[in-house]
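Report on one structure; see the data block that follows.
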Amino acid sequence: MGLEDNFAQWEYEYNTESYSKQEIDDQFEGFYNELIIEMEEKYGKKKGNKNYFRIKAYRHRIKNAIVAQLHKELTQSECISHTPHKAFYEVFSGNIATEPYAKIHWLKTATLATYLIDKLAENKWLDDHQLDDKLERFFLKKDGENFKNASSTRANLYSNRSSDYKPKNHKIIDDIISRIDEKINP
């Protein structure tokens with residue numbers, strides 16, 4: 001009894017689901033588009049490209065769930081002003097950004113915004129490429145001004161303090177991250 005004798009059984013075991021050519025093409029197109037977006041963000045199509053934040057997820061459905069839940073949680077906790085879902089989604093799409101940029105009005109401190117972005121990257125939900133530049137470009141403070149010196153804010157947040165230091169009101173962000181994690185990993 002050789003391997004050939006078991007081939008029919010194995011073939012049946014692994015071929016119980018069938019996919020149409022269109023379904024396979026759609027899957028590969030999704031993978032290809034995600035790969036192109038990631039490559040353009042990291043290496044740029046041409047010098048000077050500006051990309052939105054990119055939510056990393058192995059499935060498009062998970063990415064959409066993270067963005068939708070993040071939008072809901074940030075709005076309910078009054079961290080952001082009312083931002084249409086389409087604009088919010090665009091900021092986390094990873095696409096090349098063209099002016100006028102979609103922006104998010106942040107209502108809490110700049111330190112808390114930096115903490116949020118860091119927590120998203122720490123959980124491997126957000127690509128960590130040029131986070132400070134993106135924070136300055138796509139987030140607005142309460143007064144409508146752009147964020148400035150995000151790298152200094154990050155440095156002040158984590159320097160000269162114990163390694164477990166968290167900013168004031170960090171519980172808001174920690175709870176949001178926890179609820180998103182529960183939503184995508186039930």
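Starting from 1 in every chain, residues are counted up; chains themselves are A, B, ... following the order of the structure tokens, and ligands are numbered from 1 as listed.
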Can you list, as a compact mmCIF listing (two decimals) with N, CA, C and O atoms, in the first residue's frame, all residues belonging to region 97-178 of chain A that DSSP tags as strand (DSSP E or B)?
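Result saved to part18.txt:
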# COMPACT_ATOMS: atom_id res chain seq x y z
N ILE A 104 -9.26 64.04 10.37
CA ILE A 104 -10.02 63.67 11.56
C ILE A 104 -9.81 64.76 12.60
O ILE A 104 -8.66 65.11 12.91
N HIS A 105 -10.91 65.30 13.14
CA HIS A 105 -10.83 66.32 14.19
C HIS A 105 -10.73 65.62 15.54
O HIS A 105 -11.70 65.01 16.01
N TRP A 106 -9.56 65.72 16.16
CA TRP A 106 -9.29 65.07 17.44
C TRP A 106 -9.65 66.03 18.56
O TRP A 106 -9.19 67.17 18.57
N LEU A 126 -1.93 48.50 12.60
CA LEU A 126 -1.60 49.68 11.82
C LEU A 126 -0.15 49.58 11.36
O LEU A 126 0.72 49.26 12.16
N PHE A 139 -4.62 64.53 11.11
CA PHE A 139 -5.38 64.81 12.32
C PHE A 139 -5.37 66.31 12.58
O PHE A 139 -4.35 66.97 12.38
N LEU A 140 -6.49 66.82 13.03
CA LEU A 140 -6.61 68.23 13.42
C LEU A 140 -6.90 68.30 14.91
O LEU A 140 -7.64 67.47 15.45
N ASN A 146 -3.51 71.91 12.49
CA ASN A 146 -2.84 70.62 12.31
C ASN A 146 -2.00 70.29 13.54
O ASN A 146 -1.54 71.20 14.24
Hey, what's within 10 Å of region 110-116 of chain A if we count only C-alpha atoms and toss same-chain stuff fewer than 2 positions away? As a count of residues only, please? 39
Under the rule that only C-alpha atoms are counted, which of A:Ile96, A:Ala155, A:Ile184, A:Ile66 is the nearest residue to Lys42 (chain A)?
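The closest residue to Lys42 (chain A) is A:Ile96.
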- Item | Residue list (helix (DSSP H, G or I), DSSP) for region 109-167 of chain A, as number ranges by chain | A: 110-122, 131-138, 150-158
Inset, instruction - Could you check how far CA of Phe138 (chain A) sits from CA of Glu29 (chain A), in Å to one decimal? - result: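 Straight-line distance from CA of Phe138 (chain A) to CA of Glu29 (chain A) works out to 28.0 Å.
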Closest of A:Lys124, A:Asp26, A:Pro186, A:His85 to Leu70 (chain A), counting only C-alpha atoms, is A:His85
Among A:Phe31, A:Phe53, A:Tyr19, A:Phe92, Asp128 (chain A) is approached most closely, using only C-alpha atoms, by A:Phe53
Write out as a ChimeraX atom specification the residues lying within 6 Å of Ala97 (chain A), counting only C-alpha atoms and excluding same-chain residues fewer than 3 positions away.
/A:50-52
Okay, now the selection with C-alpha atoms, as a JSON list (two decimals), in the first residue's frame?
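And here's result-v3.json as it stands now:
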[["chain", "number", "residue", "atom", "x", "y", "z"],
["A", 50, "LYS", "CA", 1.86, 60.83, 0.80],
["A", 51, "ASN", "CA", -0.20, 57.89, 1.96],
["A", 52, "TYR", "CA", -2.93, 57.63, 4.52]]
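For the set A:Asn123, A:Asp181, A:Arg54, A:Glu23, the residue with the smallest atom-to-atom gap to Met39 (chain A) is A:Arg54, counting only C-alpha atoms.
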Rounded to one decimal, what separation in Å do you get between CA of Pro84 (chain A) and CA of Glu99 (chain A)?
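Interatomic distance here is 17.6 Å.
Take the candidates A:Glu34, A:Ser178, A:Lys21, A:Ile117 and check each one against Asn95 (chain A) using only C-alpha atoms; the shortest distance goes to A:Glu34.
If you count only C-alpha atoms and ignore residues fewer than 5 places along the chain from Asn64 (chain A), what sits within 12 Å of it is A:Arg54, A:Ile55, A:Lys56, A:Ala57, A:Tyr58, A:Arg59, A:Gln69, A:Leu70, A:His71, A:His85, A:Lys86, A:Phe88, A:Tyr89, A:Glu90, A:Phe92, A:Ser93, A:Trp125, A:Ile180, A:Lys183, A:Ile184.
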Counting only C-alpha atoms, which of A:Val67, A:Arg179, A:Tyr32, A:Arg137 gets nearest to Pro100 (chain A)?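 Among the listed residues, A:Arg137 lies closest to Pro100 (chain A).
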| query | Could you state the separation of CA of Thr83 (chain A) and CA of Lys103 (chain A) in Å, given to one decimal place? | reply |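 Rounded to one decimal, the two atoms are 8.5 Å apart.
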